Structures are given as C-alpha cells and as structure tokens.
file model.pdb (PDB, C-alpha atoms and all ligand atoms)
ATOM      1  CA  MET A   1      -0.349  63.606  -6.607
ATOM      2  CA  SER A   2      -0.672  64.387  -2.927
ATOM      3  CA  GLY A   3      -3.512  65.671  -0.799
ATOM      4  CA  GLU A   4      -7.219  65.025  -0.824
ATOM      5  CA  ILE A   5      -9.533  65.931  -3.661
ATOM      6  CA  GLU A   6     -12.554  67.812  -2.387
ATOM      7  CA  LEU A   7     -15.912  67.796  -4.201
ATOM      8  CA  ARG A   8     -18.300  70.695  -3.640
ATOM      9  CA  ASN A   9     -21.042  72.745  -5.268
ATOM     10  CA  CYS A  10     -19.600  75.862  -6.910
ATOM     11  CA  THR A  11     -21.126  79.190  -5.934
ATOM     12  CA  GLU A  12     -18.474  81.844  -6.712
ATOM     13  CA  ILE A  13     -17.677  83.485 -10.021
ATOM     14  CA  GLU A  14     -13.989  82.459  -9.796
ATOM     15  CA  GLU A  15     -15.079  78.827  -9.411
ATOM     16  CA  PHE A  16     -17.242  79.110 -12.531
ATOM     17  CA  ARG A  17     -14.331  80.741 -14.359
ATOM     18  CA  ALA A  18     -12.183  77.734 -13.452
ATOM     19  CA  CYS A  19     -14.854  75.430 -14.960
ATOM     20  CA  LEU A  20     -14.812  77.460 -18.153
ATOM     21  CA  GLY A  21     -11.015  77.083 -18.305
ATOM     22  CA  LEU A  22     -11.143  73.326 -17.756
ATOM     23  CA  GLN A  23     -13.885  72.988 -20.368
ATOM     24  CA  LYS A  24     -11.576  74.684 -22.907
ATOM     25  CA  GLU A  25      -8.680  72.448 -21.921
ATOM     26  CA  VAL A  26     -10.641  69.169 -22.047
ATOM     27  CA  TRP A  27     -12.656  69.669 -25.252
ATOM     28  CA  GLY A  28     -10.587  72.217 -27.158
ATOM     29  CA  PHE A  29     -13.750  73.847 -28.516
ATOM     30  CA  ALA A  30     -13.606  77.101 -30.459
ATOM     31  CA  ASP A  31     -14.659  80.013 -28.214
ATOM     32  CA  ASN A  32     -18.090  80.340 -29.820
ATOM     33  CA  GLU A  33     -18.926  76.714 -28.959
ATOM     34  CA  LEU A  34     -18.076  76.933 -25.257
ATOM     35  CA  VAL A  35     -20.717  76.992 -22.556
ATOM     36  CA  PRO A  36     -20.220  80.585 -21.373
ATOM     37  CA  LEU A  37     -19.413  81.816 -17.870
ATOM     38  CA  ARG A  38     -22.860  83.350 -17.510
ATOM     39  CA  ILE A  39     -24.565  79.980 -17.953
ATOM     40  CA  PHE A  40     -22.293  78.329 -15.364
ATOM     41  CA  SER A  41     -23.225  81.015 -12.848
ATOM     42  CA  LEU A  42     -26.920  80.838 -13.755
ATOM     43  CA  ALA A  43     -27.364  77.058 -13.617
ATOM     44  CA  PRO A  44     -27.248  76.546  -9.807
ATOM     45  CA  LYS A  45     -29.747  79.376  -9.362
ATOM     46  CA  ILE A  46     -32.389  77.674 -11.527
ATOM     47  CA  GLY A  47     -32.142  74.114 -10.227
ATOM     48  CA  GLY A  48     -29.010  73.032 -12.097
ATOM     49  CA  GLN A  49     -25.631  71.955 -10.739
ATOM     50  CA  VAL A  50     -22.007  73.003 -11.060
ATOM     51  CA  ILE A  51     -19.975  70.555  -9.005
ATOM     52  CA  GLY A  52     -16.233  71.061  -8.800
ATOM     53  CA  ALA A  53     -13.444  68.654  -7.789
ATOM     54  CA  TRP A  54     -10.611  70.604  -6.196
ATOM     55  CA  HIS A  55      -7.054  69.571  -5.496
ATOM     56  CA  GLY A  56      -5.955  72.399  -3.247
ATOM     57  CA  ASP A  57      -6.813  75.533  -5.213
ATOM     58  CA  ALA A  58      -6.789  73.775  -8.578
ATOM     59  CA  LEU A  59      -9.974  72.635 -10.292
ATOM     60  CA  VAL A  60      -9.302  69.112 -11.583
ATOM     61  CA  GLY A  61     -12.816  68.078 -12.598
ATOM     62  CA  PHE A  62     -16.384  69.274 -12.797
ATOM     63  CA  ALA A  63     -19.935  68.155 -13.542
ATOM     64  CA  PHE A  64     -22.408  70.619 -14.994
ATOM     65  CA  SER A  65     -26.164  70.152 -15.369
ATOM     66  CA  ILE A  66     -29.236  72.191 -16.171
ATOM     67  CA  PRO A  67     -32.877  71.505 -15.287
ATOM     68  CA  GLY A  68     -35.363  70.185 -17.844
ATOM     69  CA  THR A  69     -38.963  68.994 -17.849
ATOM     70  CA  ARG A  70     -40.692  66.183 -19.682
ATOM     71  CA  SER A  71     -44.407  65.406 -19.456
ATOM     72  CA  GLY A  72     -44.589  67.725 -16.456
ATOM     73  CA  HIS A  73     -41.728  66.081 -14.562
ATOM     74  CA  ALA A  74     -38.606  67.978 -13.595
ATOM     75  CA  TYR A  75     -35.293  66.234 -14.262
ATOM     76  CA  LEU A  76     -31.639  67.177 -14.654
ATOM     77  CA  HIS A  77     -29.795  67.196 -17.947
ATOM     78  CA  SER A  78     -26.102  66.710 -17.237
ATOM     79  CA  HIS A  79     -24.362  68.534 -20.050
ATOM     80  CA  MET A  80     -20.693  68.067 -19.169
ATOM     81  CA  LEU A  81     -18.471  65.835 -17.072
ATOM     82  CA  ALA A  82     -14.779  66.601 -17.241
ATOM     83  CA  VAL A  83     -11.677  65.351 -15.463
ATOM     84  CA  LYS A  84      -8.262  66.899 -16.110
ATOM     85  CA  SER A  85      -6.206  64.377 -18.052
ATOM     86  CA  GLU A  86      -3.587  63.715 -15.319
ATOM     87  CA  TYR A  87      -6.384  62.829 -12.887
ATOM     88  CA  ARG A  88      -8.253  60.342 -15.097
ATOM     89  CA  ASN A  89      -8.786  56.631 -14.483
ATOM     90  CA  SER A  90      -8.617  56.853 -10.726
ATOM     91  CA  GLY A  91     -12.355  56.983 -10.093
ATOM     92  CA  LEU A  92     -12.832  60.766 -10.027
ATOM     93  CA  GLY A  93     -15.359  60.834 -12.886
ATOM     94  CA  ARG A  94     -17.469  58.267 -11.065
ATOM     95  CA  LYS A  95     -17.164  60.170  -7.781
ATOM     96  CA  LEU A  96     -18.390  63.347  -9.463
ATOM     97  CA  LYS A  97     -21.407  61.450 -10.813
ATOM     98  CA  LEU A  98     -22.196  59.963  -7.388
ATOM     99  CA  PHE A  99     -21.970  63.412  -5.804
ATOM    100  CA  GLN A 100     -24.257  64.657  -8.552
ATOM    101  CA  ARG A 101     -26.752  61.884  -7.762
ATOM    102  CA  ASP A 102     -26.807  62.660  -4.005
ATOM    103  CA  ASP A 103     -27.265  66.347  -4.691
ATOM    104  CA  ALA A 104     -30.039  65.639  -7.217
ATOM    105  CA  LEU A 105     -31.902  63.368  -4.778
ATOM    106  CA  ALA A 106     -31.587  66.018  -2.067
ATOM    107  CA  HIS A 107     -33.319  68.452  -4.415
ATOM    108  CA  GLY A 108     -36.145  66.054  -5.272
ATOM    109  CA  TYR A 109     -34.991  64.818  -8.689
ATOM    110  CA  GLU A 110     -35.290  61.154  -9.623
ATOM    111  CA  LEU A 111     -33.810  61.315 -13.152
ATOM    112  CA  ILE A 112     -30.531  62.630 -14.559
ATOM    113  CA  GLU A 113     -30.016  62.346 -18.299
ATOM    114  CA  TRP A 114     -27.039  63.088 -20.504
ATOM    115  CA  THR A 115     -25.981  62.385 -24.026
ATOM    116  CA  PHE A 116     -22.885  60.395 -24.880
ATOM    117  CA  ASP A 117     -21.041  59.412 -27.985
ATOM    118  CA  PRO A 118     -21.678  55.699 -28.620
ATOM    119  CA  LEU A 119     -18.182  55.455 -30.145
ATOM    120  CA  GLU A 120     -16.546  56.391 -26.798
ATOM    121  CA  ILE A 121     -15.821  53.027 -25.196
ATOM    122  CA  LYS A 122     -14.705  54.417 -21.864
ATOM    123  CA  ASN A 123     -17.729  56.672 -21.387
ATOM    124  CA  ALA A 124     -20.169  53.923 -22.330
ATOM    125  CA  TYR A 125     -18.548  51.607 -19.813
ATOM    126  CA  LEU A 126     -18.683  54.218 -17.051
ATOM    127  CA  ASN A 127     -22.315  55.083 -17.809
ATOM    128  CA  LEU A 128     -23.818  51.617 -18.205
ATOM    129  CA  GLU A 129     -21.586  49.407 -16.097
ATOM    130  CA  ARG A 130     -20.338  51.585 -13.264
ATOM    131  CA  LEU A 131     -23.282  53.965 -12.816
ATOM    132  CA  GLY A 132     -26.241  51.850 -13.958
ATOM    133  CA  ALA A 133     -27.634  54.260 -16.555
ATOM    134  CA  ILE A 134     -29.580  52.757 -19.458
ATOM    135  CA  ALA A 135     -29.881  54.008 -23.064
ATOM    136  CA  ARG A 136     -32.902  53.537 -25.343
ATOM    137  CA  ARG A 137     -32.967  56.731 -27.410
ATOM    138  CA  TYR A 138     -30.633  57.876 -30.188
ATOM    139  CA  ASN A 139     -30.208  61.371 -31.635
ATOM    140  CA  ILE A 140     -28.590  61.765 -35.050
ATOM    141  CA  ASN A 141     -26.004  64.572 -35.308
ATOM    142  CA  GLN A 142     -27.351  66.250 -32.185
ATOM    143  CA  TYR A 143     -24.955  69.225 -32.034
ATOM    144  CA  GLY A 144     -23.909  69.384 -35.675
ATOM    145  CA  ILE A 145     -20.237  68.793 -36.511
ATOM    146  CA  THR A 146     -18.242  70.610 -33.799
ATOM    147  CA  SER A 147     -14.759  72.103 -33.492
ATOM    148  CA  SER A 148     -13.692  69.632 -30.767
ATOM    149  CA  PRO A 149     -10.919  67.264 -31.911
ATOM    150  CA  LEU A 150     -12.295  64.779 -29.317
ATOM    151  CA  GLN A 151     -15.277  64.343 -31.618
ATOM    152  CA  GLY A 152     -13.189  63.596 -34.694
ATOM    153  CA  PHE A 153     -15.236  65.988 -36.894
ATOM    154  CA  LEU A 154     -17.877  63.277 -37.307
ATOM    155  CA  PRO A 155     -21.638  63.868 -37.032
ATOM    156  CA  THR A 156     -22.379  64.147 -33.312
ATOM    157  CA  ASP A 157     -24.631  61.104 -32.979
ATOM    158  CA  ARG A 158     -25.574  60.587 -29.345
ATOM    159  CA  LEU A 159     -27.161  58.005 -27.119
ATOM    160  CA  ILE A 160     -29.208  59.396 -24.262
ATOM    161  CA  ALA A 161     -28.215  57.998 -20.891
ATOM    162  CA  GLU A 162     -31.119  57.799 -18.470
ATOM    163  CA  TRP A 163     -29.993  57.505 -14.863
ATOM    164  CA  TRP A 164     -33.046  56.605 -12.817
ATOM    165  CA  LEU A 165     -31.659  57.453  -9.420
ATOM    166  CA  LYS A 166     -34.162  55.451  -7.369
ATOM    167  CA  SER A 167     -34.525  52.461  -9.700
ATOM    168  CA  LYS A 168     -33.761  48.970  -8.405
ATOM    169  CA  ARG A 169     -31.103  48.717 -11.103
ATOM    170  CA  VAL A 170     -29.180  51.743  -9.834
ATOM    171  CA  GLU A 171     -29.729  51.148  -6.138
ATOM    172  CA  SER A 172     -28.617  47.535  -6.314
ATOM    173  CA  LEU A 173     -25.584  48.319  -8.491
ATOM    174  CA  LEU A 174     -24.399  51.138  -6.225
ATOM    175  CA  GLY A 175     -25.202  49.049  -3.143
ATOM    176  CA  GLY A 176     -22.977  46.260  -4.438
ATOM    177  CA  SER A 177     -25.783  43.678  -4.881
ATOM    178  CA  GLU A 178     -26.036  41.262  -7.747
ATOM    179  CA  ARG A 179     -27.340  42.652 -11.006
ATOM    180  CA  HIS A 180     -30.775  41.730 -12.214
ATOM    181  CA  ALA A 181     -30.572  39.179 -15.017
ATOM    182  CA  PHE A 182     -32.166  39.815 -18.411
ATOM    183  CA  THR A 183     -32.364  38.018 -21.724
ATOM    184  CA  GLU A 184     -29.771  39.325 -24.121
ATOM    185  CA  GLU A 185     -31.367  40.091 -27.501
ATOM    186  CA  MET A 186     -28.676  41.992 -29.378
ATOM    187  CA  ARG A 187     -25.046  43.166 -29.281
ATOM    188  CA  ILE A 188     -23.540  46.250 -30.894
ATOM    189  CA  ASP A 189     -19.778  46.336 -31.016
ATOM    190  CA  VAL A 190     -17.223  49.176 -31.111
ATOM    191  CA  PRO A 191     -13.628  48.349 -32.138
ATOM    192  CA  ALA A 192     -10.775  49.527 -29.896
ATOM    193  CA  GLU A 193      -9.169  51.251 -32.910
ATOM    194  CA  ILE A 194     -12.006  53.795 -32.978
ATOM    195  CA  TYR A 195      -9.977  56.393 -31.036
ATOM    196  CA  ALA A 196      -7.058  56.173 -33.458
ATOM    197  CA  TRP A 197      -9.403  56.268 -36.482
ATOM    198  CA  LYS A 198     -11.198  59.365 -35.173
ATOM    199  CA  ALA A 199      -7.917  61.164 -34.574
ATOM    200  CA  ASP A 200      -6.372  60.408 -37.982
ATOM    201  CA  PRO A 201      -7.816  62.230 -41.028
ATOM    202  CA  GLU A 202      -6.596  59.358 -43.283
ATOM    203  CA  ALA A 203      -8.451  56.722 -41.241
ATOM    204  CA  ARG A 204     -11.477  58.744 -40.220
ATOM    205  CA  HIS A 205     -13.650  57.095 -42.870
ATOM    206  CA  LYS A 206     -13.352  53.842 -40.888
ATOM    207  CA  ALA A 207     -14.752  55.554 -37.769
ATOM    208  CA  SER A 208     -17.490  56.997 -39.919
ATOM    209  CA  GLU A 209     -18.387  53.519 -41.253
ATOM    210  CA  VAL A 210     -18.700  52.153 -37.724
ATOM    211  CA  GLN A 211     -20.852  55.126 -36.754
ATOM    212  CA  MET A 212     -23.203  54.619 -39.722
ATOM    213  CA  ARG A 213     -23.463  50.872 -39.198
ATOM    214  CA  ASN A 214     -24.141  51.220 -35.481
ATOM    215  CA  ARG A 215     -26.591  54.095 -36.006
ATOM    216  CA  GLN A 216     -28.849  51.755 -38.024
ATOM    217  CA  ARG A 217     -28.531  49.031 -35.403
ATOM    218  CA  PHE A 218     -29.412  51.311 -32.496
ATOM    219  CA  LEU A 219     -32.391  52.811 -34.306
ATOM    220  CA  LYS A 220     -33.721  49.374 -35.203
ATOM    221  CA  ALA A 221     -33.192  48.015 -31.682
ATOM    222  CA  PHE A 222     -34.813  50.970 -29.950
ATOM    223  CA  SER A 223     -37.841  50.928 -32.227
ATOM    224  CA  ALA A 224     -38.274  47.272 -31.194
ATOM    225  CA  GLY A 225     -38.316  48.267 -27.500
ATOM    226  CA  LEU A 226     -34.769  47.194 -26.605
ATOM    227  CA  ALA A 227     -32.462  49.151 -24.299
ATOM    228  CA  CYS A 228     -28.694  49.127 -23.743
ATOM    229  CA  LEU A 229     -28.370  47.487 -20.323
ATOM    230  CA  ARG A 230     -24.765  46.277 -20.094
ATOM    231  CA  TYR A 231     -21.428  47.125 -21.659
ATOM    232  CA  GLY A 232     -18.549  44.723 -22.098
ATOM    233  CA  ARG A 233     -14.872  45.281 -22.818
ATOM    234  CA  ASP A 234     -12.377  42.652 -23.869
ATOM    235  CA  ASP A 235      -8.639  42.473 -23.214
ATOM    236  CA  SER A 236      -7.865  44.225 -26.504
ATOM    237  CA  GLY A 237     -10.029  47.214 -25.512
ATOM    238  CA  ASN A 238     -12.983  46.484 -27.833
ATOM    239  CA  GLY A 239     -16.355  47.522 -26.451
ATOM    240  CA  VAL A 240     -19.805  45.975 -26.840
ATOM    241  CA  PHE A 241     -23.290  47.188 -25.942
ATOM    242  CA  VAL A 242     -25.558  44.409 -24.686
ATOM    243  CA  LEU A 243     -29.242  45.028 -25.295
ATOM    244  CA  GLY A 244     -32.381  43.556 -23.802
ATOM    245  CA  ARG A 245     -35.693  44.640 -22.309
ATOM    246  CA  TRP A 246     -35.655  46.712 -19.136
ATOM    247  CA  ASP A 247     -38.113  45.265 -16.641
ATOM    248  CA  GLU A 248     -38.688  48.447 -14.601
ATOM    249  CA  ASP A 249     -41.235  51.002 -15.743
ATOM    250  CA  TRP A 250     -39.482  54.301 -15.027
ATOM    251  CA  SER A 251     -40.300  56.731 -17.827
ATOM    252  CA  TYR A 252     -41.368  60.331 -18.384
ATOM    253  CA  GLY A 253     -42.128  59.659 -22.062
ATOM    254  CA  SER A 254     -39.678  59.855 -24.917
ATOM    255  CA  LYS A 255     -39.610  63.481 -26.132
TER
HETATM  256  C1  LIG B 301     -15.155  60.735 -19.126
HETATM  257  C2  LIG B 301     -14.269  61.224 -17.982
HETATM  258  C3  LIG B 301     -14.963  62.356 -17.253
HETATM  259  C4  LIG B 301     -14.075  60.037 -17.018
HETATM  260  O1  LIG B 301     -13.300  60.467 -15.906
HETATM  261  P1  LIG B 301     -12.338  59.467 -15.092
HETATM  262  O2  LIG B 301     -12.018  60.131 -13.801
HETATM  263  O3  LIG B 301     -11.225  59.026 -15.941
HETATM  264  O4  LIG B 301     -13.357  58.246 -14.860
HETATM  265  P2  LIG B 301     -13.257  57.076 -13.765
HETATM  266  O5  LIG B 301     -11.818  56.839 -13.436
HETATM  267  O6  LIG B 301     -14.183  57.394 -12.635
HETATM  268  O7  LIG B 301     -13.942  55.846 -14.468
HETATM  269  C5  LIG B 301     -13.732  55.465 -15.743
HETATM  270  C6  LIG B 301     -13.917  53.960 -15.852
HETATM  271  O8  LIG B 301     -13.533  53.666 -17.165
HETATM  272  C7  LIG B 301     -12.443  52.753 -17.136
HETATM  273  N1  LIG B 301     -11.541  53.039 -18.260
HETATM  274  C8  LIG B 301     -10.425  53.765 -18.258
HETATM  275  N2  LIG B 301      -9.876  53.813 -19.497
HETATM  276  C9  LIG B 301     -10.673  53.101 -20.301
HETATM  277  C10 LIG B 301     -10.656  52.788 -21.686
HETATM  278  N3  LIG B 301      -9.706  53.235 -22.522
HETATM  279  N4  LIG B 301     -11.667  52.034 -22.184
HETATM  280  C11 LIG B 301     -12.645  51.594 -21.383
HETATM  281  N5  LIG B 301     -12.711  51.857 -20.053
HETATM  282  C12 LIG B 301     -11.747  52.610 -19.513
HETATM  283  C13 LIG B 301     -11.768  53.006 -15.821
HETATM  284  O9  LIG B 301     -10.995  51.856 -15.468
HETATM  285  C14 LIG B 301     -12.972  53.204 -14.929
HETATM  286  O10 LIG B 301     -13.565  51.936 -14.622
HETATM  287  P3  LIG B 301     -13.289  51.196 -13.224
HETATM  288  O11 LIG B 301     -13.881  52.114 -12.186
HETATM  289  O12 LIG B 301     -14.029  49.904 -13.362
HETATM  290  O13 LIG B 301     -11.815  51.071 -13.102
HETATM  291  C15 LIG B 301     -12.879  61.695 -18.480
HETATM  292  O14 LIG B 301     -12.282  60.663 -19.218
HETATM  293  C16 LIG B 301     -12.937  62.951 -19.363
HETATM  294  O15 LIG B 301     -12.898  64.075 -18.859
HETATM  295  N6  LIG B 301     -13.035  62.749 -20.695
HETATM  296  C17 LIG B 301     -13.114  63.864 -21.666
HETATM  297  C18 LIG B 301     -14.459  64.562 -21.637
HETATM  298  C19 LIG B 301     -15.635  63.612 -21.848
HETATM  299  O16 LIG B 301     -15.638  62.809 -22.762
HETATM  300  N7  LIG B 301     -16.653  63.736 -20.964
HETATM  301  C20 LIG B 301     -17.849  62.890 -20.992
HETATM  302  C21 LIG B 301     -18.890  63.347 -21.929
HETATM  303  S1  LIG B 301     -19.607  64.901 -21.460
END
call {"tool": "encode", "arguments": {"input": "model.pdb", "output": "structure tokens", "more": "lines below"}}
Ligand SMILES: CC(C)(COP(=O)(O)OP(=O)(O)OC[C@H]1O[C@@H](n2cnc3c(N)ncnc32)[C@H](O)[C@@H]1OP(=O)(O)O)[C@@H](O)C(=O)NCCC(=O)NCCS
result
Amino acid sequence: MSGEIELRNCTEIEEFRACLGLQKEVWGFADNELVPLRIFSLAPKIGGQVIGAWHGDALVGFAFSIPGTRSGHAYLHSHMLAVKSEYRNSGLGRKLKLFQRDDALAHGYELIEWTFDPLEIKNAYLNLERLGAIARRYNINQYGITSSPLQGFLPTDRLIAEWWLKSKRVESLLGGSERHAFTEEMRIDVPAEIYAWKADPEARHKASEVQMRNRQRFLKAFSAGLACLRYGRDDSGNGVFVLGRWDEDWSYGSK
C-alpha cells in the first residue's frame, strides 16, 4: 500500500455512492437491508456525518452517523463504521472515529452513541479500550435477524456504546494520561472461537449459547448500575468485559 490515506467529509453524490458500495462489500447485506444512497446524501444536511477515508480515488473506509435527541439534548448516533478488509488493523478505524469526534465537537455535540455486537471481540476492544466509550445499556435483537453473514444469523443483540466526548475518561485516554481506577465488580467473557462458531452452521448453537448466557449477565449487571469500563484480551484471543461503576455523571437519560 503506498500513498497517504486522506479523511474528509463527503459532500458529493459519487462519494455517497462509494460508501454504498463499500457497505455492500463489508456487510454483504441483501439490497433491501442496505442504508440507501438517499440517506447517505441526506445525513450531512441534517446534522449527521458521512466521513470517507480515501486512498487516491478509492474509498477504503467510512463512518456514517445521523442526529438524534434524548431528553432535549442533541447527540449523534453513529450507525456504521467500515474499513475495507485489506486496510484493517493498521489504525484506520480508530482514525475515522477520532475524525468523527473532532467534527462532532466542532458542531457542538458532546455525545456519540452506536450499537455494537457484544460477541465481536475486536469491536469491543476498539470501543472500550482504544476510544474510551462505555456501555451500560443492552438491546435484545435490535434489528431482527439480518441477511449479513457477519452477524451469523443470530438475534442482533447489541450493547450501546456511549462516547462522552468531553468526559475526563475520554480526554485522559486520548491525551495519553493514566486511566482512572475503579473497583472491578464483574467480568463477562467471550471465547476467541466465537467467530468460527458464528460462521459455521454446525457450530452456531455454541455462539448462540454464549449470546444467551451473556445477555442475562449484561441485563443483570446494568440493572444493578454497573457499566462496561474496560475490555481485556488474552494471548489466545479471548475477550473479557470488565464492569464497575462509572464515577462521572454524564447522562441524557436512558431512553
Ligand atoms: C471494526 C472495523 C471498522 C475496525 O477497523 P480497523 O481499521 O481494523 O481498526 P483499527 O486498526 O483502528 O483498530 C482495531 C483495534 O483492534 C485490534 N484488533 C485487531 N484484530 C483484533 C482481533 N481479532 N481481536 C481483538 N482485537 C483486534 C487492533 O490491533 C487495533 O488495536 P490497537 O490499535 O491497539 O492495535 C473493521 O474491522 C470493519 O470494517 N469491520 C467490519 C464492519 C464492522 O463490524 N463495523 C463495526 C460495527 S458498525
């Protein structure tokens, strides 16, 4: 790979068309489950974001968000983050999120939320450890069972990542300072084999068992006021959510 990758806000219809194409490539959704071109072109006009990562003329990643409100506060809901497979694991996903944060702050937002699959070890690590999001809400089968093979035809249970852009947690993490300590109260583990189990129809029941077991744990933990604050990975690729109480009071309510 040679040449710089440039990140910028998309404004032209051909740029939105490229996002649509990359969305198809990354998720493999059936056409009727894709976010359509018209929504990509609408989003930046109503306070949302379509941020593209370009390698020359080729779109190699994008972040897409739409505006929301809760208890009278405007925030961004980041619906998709995608990096073309050959460009993964070199920090581009994180760069897109940091660009998204700067752009959001420049427009007066202090919160970006997104949903993520608690079975996806890599995403959880990026969200909690590298970006400083927290998670304390859980939606059961949020999108129904979808056509994307990435989702293994399981119920689309989702954690909600809350990225409080001006919180001490996020500012100190991104500024390279030491993390604030907390008392660990619970751990929820995800085995490294989860990707293989999701992809294999014969083994999918094992992924489903982990999902059901963890669903109960998350629901119990969140109703007791705990939040996912850290995420660990071991040498074999297993992941673990570490839960405790968040000591900052950023909140727009829970609905
Ligand atoms: C999620 C996604 C956008 C991340 O993009 P990316 O450019 O690969 O991400 P980055 O390289 O910035 O960071 C990923 C982090 O996870 C780490 N990682 C890589 N593979 C991993 C794995 N199998 N398990 C755990 N962590 C992993 C990377 O090392 C990196 O951490 P580091 O910065 O400490 O090295 C990309 O994988 C993707 O497009 N996935 C498919 C679509 C998707 O699931 N999108 C998110 C939900 S909308």
call {"tool": "axis_aligned_box", "arguments": {"input": "model.pdb", "around": "ligand LIG 301 (chain B)", "padding_each_side": "6 Å", "output": "AutoDock Vina command-line options"}}
result
--center_x -14.7 --center_y 57.4 --center_z -17.5 --size_x 21.9 --size_y 27.0 --size_z 22.6
call {"tool": "resolve_selection", "arguments": {"input": "model.pdb", "expression": "the PyMOL selection byres (((chain A and resi 60) around 6) and not hetatm)", "output": "PDB file with C-alpha atoms, keeping the file's coordinate frame"}}
result
ATOM      1  CA  ALA A  53     -13.444  68.654  -7.789  1.00  0.00           C
ATOM      2  CA  TRP A  54     -10.611  70.604  -6.196  1.00  0.00           C
ATOM      3  CA  LEU A  59      -9.974  72.635 -10.292  1.00  0.00           C
ATOM      4  CA  GLY A  61     -12.816  68.078 -12.598  1.00  0.00           C
ATOM      5  CA  VAL A  83     -11.677  65.351 -15.463  1.00  0.00           C
ATOM      6  CA  LYS A  84      -8.262  66.899 -16.110  1.00  0.00           C
TER       7      LYS A  84
END
call {"tool": "closest_residue", "arguments": {"input": "model.pdb", "among": "A:Ser223, A:Asn214, A:Ser177, A:Ser251", "to": "Arg158 in chain A", "atoms": "only C-alpha atoms"}}
result
A:Asn214
call {"tool": "resolve_selection", "arguments": {"input": "model.pdb", "expression": "the PyMOL selection byres (((chain A and resi 209-213) around 12) and not hetatm)", "output": "PyMOL selection string"}}
result
chain A and resi 117-120+140-141+151-152+154-159+188-195+197-198+203-208+214-220
call {"tool": "atom_distance", "arguments": {"input": "model.pdb", "atom1": "CA of Glu6 in chain A", "atom2": "CA of His55 in chain A"}}
result
6.6 Å
call {"tool": "closest_atom_pairs", "arguments": {"input": "model.pdb", "of": "chain A", "to": "ligand LIG 301 (chain B)", "cutoff": "8 Å", "atoms": "all atoms listed in the file", "output": "CSV"}}
result
residue,atom,partner,partner_atom,distance
A:Val26,CA,B:LIG301,C17,5.9
A:Trp27,CA,B:LIG301,C18,6.5
A:Gly61,CA,B:LIG301,O15,7.4
A:Ser78,CA,B:LIG301,S1,8.0
A:His79,CA,B:LIG301,S1,6.1
A:Met80,CA,B:LIG301,S1,4.1
A:Leu81,CA,B:LIG301,S1,4.6
A:Ala82,CA,B:LIG301,O15,3.5
A:Val83,CA,B:LIG301,O15,3.8
A:Lys84,CA,B:LIG301,O15,6.1
A:Ser85,CA,B:LIG301,O15,6.7
A:Tyr87,CA,B:LIG301,O2,6.3
A:Arg88,CA,B:LIG301,O3,3.4
A:Asn89,CA,B:LIG301,O5,3.2
A:Ser90,CA,B:LIG301,O5,4.2
A:Gly91,CA,B:LIG301,O6,3.2
A:Leu92,CA,B:LIG301,O2,3.9
A:Gly93,CA,B:LIG301,O2,3.5
A:Arg94,CA,B:LIG301,O6,3.7
A:Lys95,CA,B:LIG301,O6,6.3
A:Leu96,CA,B:LIG301,O6,7.9
A:Trp114,CA,B:LIG301,S1,7.7
A:Thr115,CA,B:LIG301,S1,7.3
A:Phe116,CA,B:LIG301,C21,5.8
A:Asp117,CA,B:LIG301,C21,7.5
A:Glu120,CA,B:LIG301,O16,7.6
A:Ile121,CA,B:LIG301,C11,5.2
A:Lys122,CA,B:LIG301,C11,3.5
A:Asn123,CA,B:LIG301,C1,5.3
A:Ala124,CA,B:LIG301,C11,7.9
A:Tyr125,CA,B:LIG301,N5,5.8
A:Leu126,CA,B:LIG301,C6,4.9
A:Arg130,CA,B:LIG301,O12,6.5
A:Leu150,CA,B:LIG301,O16,7.6
A:Arg233,CA,B:LIG301,C11,6.8
A:Gly237,CA,B:LIG301,N4,6.1
A:Gly239,CA,B:LIG301,C11,7.5
call {"tool": "closest_residue", "arguments": {"input": "model.pdb", "among": "A:Phe40, A:Phe29, A:Tyr143, A:Trp250", "to": "Glu14 in chain A", "atoms": "all atoms listed in the file"}}
result
A:Phe40
call {"tool": "atom_distance", "arguments": {"input": "model.pdb", "atom1": "CA of Val35 in chain A", "atom2": "CA of Leu20 in chain A"}}
result
7.4 Å
call {"tool": "resolve_selection", "arguments": {"input": "model.pdb", "expression": "the PyMOL selection byres (((chain A and resi 104) around 12) and not hetatm)", "output": "PyMOL selection string"}}
result
chain A and resi 9+44+47-51+64-67+74-78+97-103+105-113+163-166
call {"tool": "build_atoms", "arguments": {"input": "model.pdb", "residues": "range 229-238 of chain A", "atoms": "N, CA, C and O atoms", "output": "mmCIF file, in the coordinates of the input"}}
result
data_model
loop_
_atom_site.group_PDB
_atom_site.id
_atom_site.type_symbol
_atom_site.label_atom_id
_atom_site.label_comp_id
_atom_site.auth_asym_id
_atom_site.auth_seq_id
_atom_site.Cartn_x
_atom_site.Cartn_y
_atom_site.Cartn_z
ATOM 1 N N LEU A 229 -28.335 47.759 -21.768
ATOM 2 C CA LEU A 229 -28.370 47.487 -20.323
ATOM 3 C C LEU A 229 -26.998 47.138 -19.750
ATOM 4 O O LEU A 229 -26.779 47.301 -18.555
ATOM 5 N N ARG A 230 -26.110 46.627 -20.580
ATOM 6 C CA ARG A 230 -24.765 46.277 -20.094
ATOM 7 C C ARG A 230 -23.747 46.720 -21.138
ATOM 8 O O ARG A 230 -24.088 46.988 -22.288
ATOM 9 N N TYR A 231 -22.487 46.778 -20.713
ATOM 10 C CA TYR A 231 -21.428 47.125 -21.659
ATOM 11 C C TYR A 231 -20.208 46.275 -21.328
ATOM 12 O O TYR A 231 -19.774 46.229 -20.181
ATOM 13 N N GLY A 232 -19.697 45.593 -22.328
ATOM 14 C CA GLY A 232 -18.549 44.723 -22.098
ATOM 15 C C GLY A 232 -17.302 45.274 -22.768
ATOM 16 O O GLY A 232 -17.387 46.032 -23.735
ATOM 17 N N ARG A 233 -16.157 44.933 -22.203
ATOM 18 C CA ARG A 233 -14.872 45.281 -22.818
ATOM 19 C C ARG A 233 -14.025 44.027 -22.823
ATOM 20 O O ARG A 233 -14.039 43.282 -21.849
ATOM 21 N N ASP A 234 -13.268 43.807 -23.903
ATOM 22 C CA ASP A 234 -12.377 42.652 -23.869
ATOM 23 C C ASP A 234 -10.940 43.106 -23.625
ATOM 24 O O ASP A 234 -10.674 44.304 -23.487
ATOM 25 N N ASP A 235 -10.028 42.152 -23.573
ATOM 26 C CA ASP A 235 -8.639 42.473 -23.214
ATOM 27 C C ASP A 235 -7.965 43.378 -24.240
ATOM 28 O O ASP A 235 -6.999 44.069 -23.940
ATOM 29 N N SER A 236 -8.466 43.363 -25.478
ATOM 30 C CA SER A 236 -7.865 44.225 -26.504
ATOM 31 C C SER A 236 -8.465 45.626 -26.494
ATOM 32 O O SER A 236 -8.102 46.463 -27.324
ATOM 33 N N GLY A 237 -9.451 45.864 -25.609
ATOM 34 C CA GLY A 237 -10.029 47.214 -25.512
ATOM 35 C C GLY A 237 -11.257 47.424 -26.387
ATOM 36 O O GLY A 237 -11.766 48.538 -26.481
ATOM 37 N N ASN A 238 -11.744 46.344 -27.061
ATOM 38 C CA ASN A 238 -12.983 46.484 -27.833
ATOM 39 C C ASN A 238 -14.168 46.606 -26.875
ATOM 40 O O ASN A 238 -14.149 46.022 -25.791
#
